[in-house]
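> The structure follows.
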Amino acid sequence: MLFEENPIDGQFAEYKCGAGGIRLAGQSFHKPVLVHKDSVCLSQCRTLSDLTPENLLSDIEPVDYPEILIIGTGAVQKFIHPKIMADFSQIGIGVECMNTESACRTLAFLHSEGRRAWAWLQP
């Protein structure tokens, strides 16, 4: 069996979740954020039901879409509606829902593999 080290580095490798906030890239956020490409910003989608391809990707060219969207749902894992998951799937974006702390770990790991992963994170 071959083992290969995938170092986890970059600006989103260090994170902190708790007390109603998220700390990423040296900034603290208390509202949902979108981590895409090499940046983090407040998300226009404030709730899980707002999180649709139309709302999330309205000003993004299809060539720049992520291959996977990690959804961090706060302290407790929740799921988006199956129709919304199907809408993302139809345009080639996989979706995974998990608590926000797990989402941050997963995002750091996917970035270490060079994957085009985005995350929507709710504190």
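The way I read the labels, and the way they are meant: chains A, B, ... in the order of the structure tokens, residue 1 as the first residue of every chain, and ligand 1 as the first ligand shown, with later ones counted on from there.
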For A:Thr73, find every residue with an atom within 6 Å (counting only C-alpha atoms), except residues of its own chain fewer than 3 positions away, and show them as a PyMOL selection string.
chain A and resi 77-78+99-100+122
> Any idea what's packed within 8 Å of A:Arg115, counting only C-alpha atoms, ignoring anything in its chain fewer than 4 positions away? Could you give it as a list in words?
Glu67, Leu110 and His111 of chain A
> Store the residues picked out above in a file with all heavy atoms, as a tab-separated table (two decimals), in the first residue's frame.

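File written: result_38.tsv
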chain	number	residue	atom	x	y	z
A	67	GLU	N	-16.61	21.83	-8.20
A	67	GLU	CA	-17.03	20.46	-8.43
A	67	GLU	C	-17.84	19.94	-7.25
A	67	GLU	O	-18.65	19.03	-7.39
A	67	GLU	CB	-15.85	19.55	-8.72
A	67	GLU	CG	-14.83	19.46	-7.61
A	67	GLU	CD	-13.64	18.61	-7.97
A	67	GLU	OE1	-13.79	17.38	-8.04
A	67	GLU	OE2	-12.57	19.18	-8.19
A	110	LEU	N	-10.04	18.92	1.08
A	110	LEU	CA	-10.28	18.95	-0.36
A	110	LEU	C	-9.36	19.95	-1.06
A	110	LEU	O	-8.85	19.68	-2.14
A	110	LEU	CB	-11.74	19.27	-0.66
A	110	LEU	CG	-12.73	18.17	-0.29
A	110	LEU	CD1	-14.17	18.67	-0.42
A	110	LEU	CD2	-12.51	16.93	-1.13
A	111	HIS	N	-9.13	21.10	-0.43
A	111	HIS	CA	-8.20	22.08	-1.01
A	111	HIS	C	-6.78	21.52	-1.05
A	111	HIS	O	-6.03	21.80	-1.98
A	111	HIS	CB	-8.24	23.39	-0.24
A	111	HIS	CG	-9.41	24.25	-0.59
A	111	HIS	ND1	-9.68	25.43	0.05
A	111	HIS	CD2	-10.40	24.10	-1.51
A	111	HIS	CE1	-10.77	25.97	-0.46
A	111	HIS	NE2	-11.22	25.18	-1.41
> Can you pull out the residues contacting A:Ser49? Cut-off 10 Å, using only C-alpha atoms, and skip same-chain residues under 4 positions away; I want them as a list in words.
Cys45, Phe79, Ile80, His81 and Ile84 of chain A
> Between atom CA of A:Leu57 and atom CA of A:Trp120, what is the spacing in Å?
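Value for the atom CA of A:Trp120-atom CA of A:Leu57 distance: 12.1 Å.
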> Looking only at alpha helix (DSSP H) from DSSP on the backbone, list the matching residues of chain A as a PyMOL selection string.
chain A and resi 53-56+82-90+100-112
> Please provide as a ChimeraX atom specification all residues within 12 Å of A:Asp64, with the sequence filter that same-chain residues fewer than 4 positions apart are discarded (counting only C-alpha atoms).
/A:36-37,57-60,68,91-93,116-118
> Could you write out that same residue set with N, CA, C and O atoms as a short mmCIF file (atom, residue, chain, number, x, y, z; two decimals), in the first residue's frame?

data_model
loop_
_atom_site.label_atom_id
_atom_site.label_comp_id
_atom_site.auth_asym_id
_atom_site.auth_seq_id
_atom_site.Cartn_x
_atom_site.Cartn_y
_atom_site.Cartn_z
N HIS A 36 -15.03 30.59 -1.63
CA HIS A 36 -14.88 30.15 -3.01
C HIS A 36 -13.57 30.67 -3.57
O HIS A 36 -13.05 31.68 -3.12
N LYS A 37 -13.06 29.93 -4.52
CA LYS A 37 -11.76 30.24 -5.11
C LYS A 37 -10.77 30.44 -3.97
O LYS A 37 -10.55 29.53 -3.19
N LEU A 57 -25.02 31.10 -7.59
CA LEU A 57 -24.14 31.17 -8.76
C LEU A 57 -24.55 32.23 -9.77
O LEU A 57 -24.10 32.20 -10.91
N SER A 58 -25.37 33.18 -9.36
CA SER A 58 -25.95 34.13 -10.32
C SER A 58 -24.91 34.93 -11.11
O SER A 58 -25.13 35.22 -12.27
N ASP A 59 -23.79 35.26 -10.50
CA ASP A 59 -22.79 36.07 -11.21
C ASP A 59 -21.50 35.29 -11.51
O ASP A 59 -20.46 35.86 -11.74
N ILE A 60 -21.61 33.96 -11.55
CA ILE A 60 -20.45 33.09 -11.79
C ILE A 60 -20.62 32.40 -13.14
O ILE A 60 -21.69 31.90 -13.47
N ILE A 68 -17.62 20.55 -6.07
CA ILE A 68 -18.36 20.15 -4.88
C ILE A 68 -18.63 21.37 -4.01
O ILE A 68 -17.80 22.28 -3.91
N ILE A 91 -26.33 20.52 -12.74
CA ILE A 91 -25.30 21.37 -13.35
C ILE A 91 -23.90 20.88 -12.99
O ILE A 91 -22.91 21.58 -13.21
N GLY A 92 -23.82 19.67 -12.43
CA GLY A 92 -22.53 19.03 -12.18
C GLY A 92 -21.84 19.37 -10.88
O GLY A 92 -20.63 19.20 -10.76
N ILE A 93 -22.60 19.84 -9.90
CA ILE A 93 -22.02 20.20 -8.60
C ILE A 93 -22.54 19.21 -7.55
O ILE A 93 -23.73 19.11 -7.32
N ARG A 116 -11.63 21.64 -6.67
CA ARG A 116 -12.40 22.89 -6.78
C ARG A 116 -13.60 22.78 -5.85
O ARG A 116 -14.71 22.46 -6.26
N ALA A 117 -13.36 23.05 -4.58
CA ALA A 117 -14.41 22.94 -3.57
C ALA A 117 -14.74 24.31 -3.02
O ALA A 117 -13.85 25.11 -2.76
N TRP A 118 -16.03 24.55 -2.85
CA TRP A 118 -16.53 25.75 -2.20
C TRP A 118 -17.24 25.32 -0.93
O TRP A 118 -17.61 24.16 -0.77
#
> Write down as a PyMOL selection string the residues of stretch 4-94 of chain A whose backbone DSSP state falls under strand (DSSP E).
chain A and resi 15-18+21-24+27-29+33-36+39-42+68-73+94
> Could you turn the residues from that selection into a file that holds C-alpha atoms, as a JSON list (two decimals), in the first residue's frame?

[["chain", "number", "residue", "atom", "x", "y", "z"],
["A", 15, "TYR", "CA", -10.31, 27.77, 11.34],
["A", 16, "LYS", "CA", -12.22, 28.15, 14.56],
["A", 17, "CYS", "CA", -15.93, 27.55, 15.09],
["A", 18, "GLY", "CA", -17.96, 28.30, 18.17],
["A", 21, "GLY", "CA", -19.06, 32.64, 14.91],
["A", 22, "ILE", "CA", -16.49, 31.33, 12.46],
["A", 23, "ARG", "CA", -12.89, 32.46, 12.14],
["A", 24, "LEU", "CA", -11.34, 31.93, 8.69],
["A", 27, "GLN", "CA", -11.31, 37.20, 9.93],
["A", 28, "SER", "CA", -14.29, 36.56, 12.21],
["A", 29, "PHE", "CA", -17.79, 36.11, 10.81],
["A", 33, "VAL", "CA", -20.12, 33.00, 4.59],
["A", 34, "LEU", "CA", -19.21, 31.65, 1.19],
["A", 35, "VAL", "CA", -15.70, 30.32, 0.69],
["A", 36, "HIS", "CA", -14.88, 30.15, -3.01],
["A", 39, "SER", "CA", -11.61, 34.20, -0.89],
["A", 40, "VAL", "CA", -14.19, 34.27, 1.85],
["A", 41, "CYS", "CA", -17.09, 36.72, 1.95],
["A", 42, "LEU", "CA", -20.49, 37.16, 3.54],
["A", 68, "ILE", "CA", -18.36, 20.15, -4.88],
["A", 69, "LEU", "CA", -20.21, 22.43, -2.48],
["A", 70, "ILE", "CA", -19.75, 21.74, 1.22],
["A", 71, "ILE", "CA", -22.60, 23.08, 3.34],
["A", 72, "GLY", "CA", -21.85, 23.77, 7.00],
["A", 73, "THR", "CA", -25.14, 24.02, 8.91],
["A", 94, "GLY", "CA", -21.96, 17.63, -5.81]]
> May I ask which of the residues A:Gly114, A:Pro82, A:Asp87, A:Pro123 is the closest one to A:Glu101, counting only C-alpha atoms?
A:Pro123
> Select, from A:Ala119, A:Ala19, A:Met85, A:Leu51, the residue with the minimum atom-to-atom distance to A:Arg105, counting only C-alpha atoms.
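Checking each of A:Ala119, A:Ala19, A:Met85, A:Leu51 against A:Arg105, counting only C-alpha atoms, the winner is A:Ala119.
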> Just to confirm, what's the straight-line distance from atom CA of A:Leu56 to atom CA of A:Ser43 in Å (one decimal)?
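Taking atom CA of A:Leu56 as the start and atom CA of A:Ser43 as the end point, the length is 8.3 Å.
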> Tell me which of A:Leu48, A:Ala86, A:Cys97, A:Leu121 sits closest to A:Gly74, counting only C-alpha atoms.
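With only C-alpha atoms as the atom set, the closest residue is A:Leu121.
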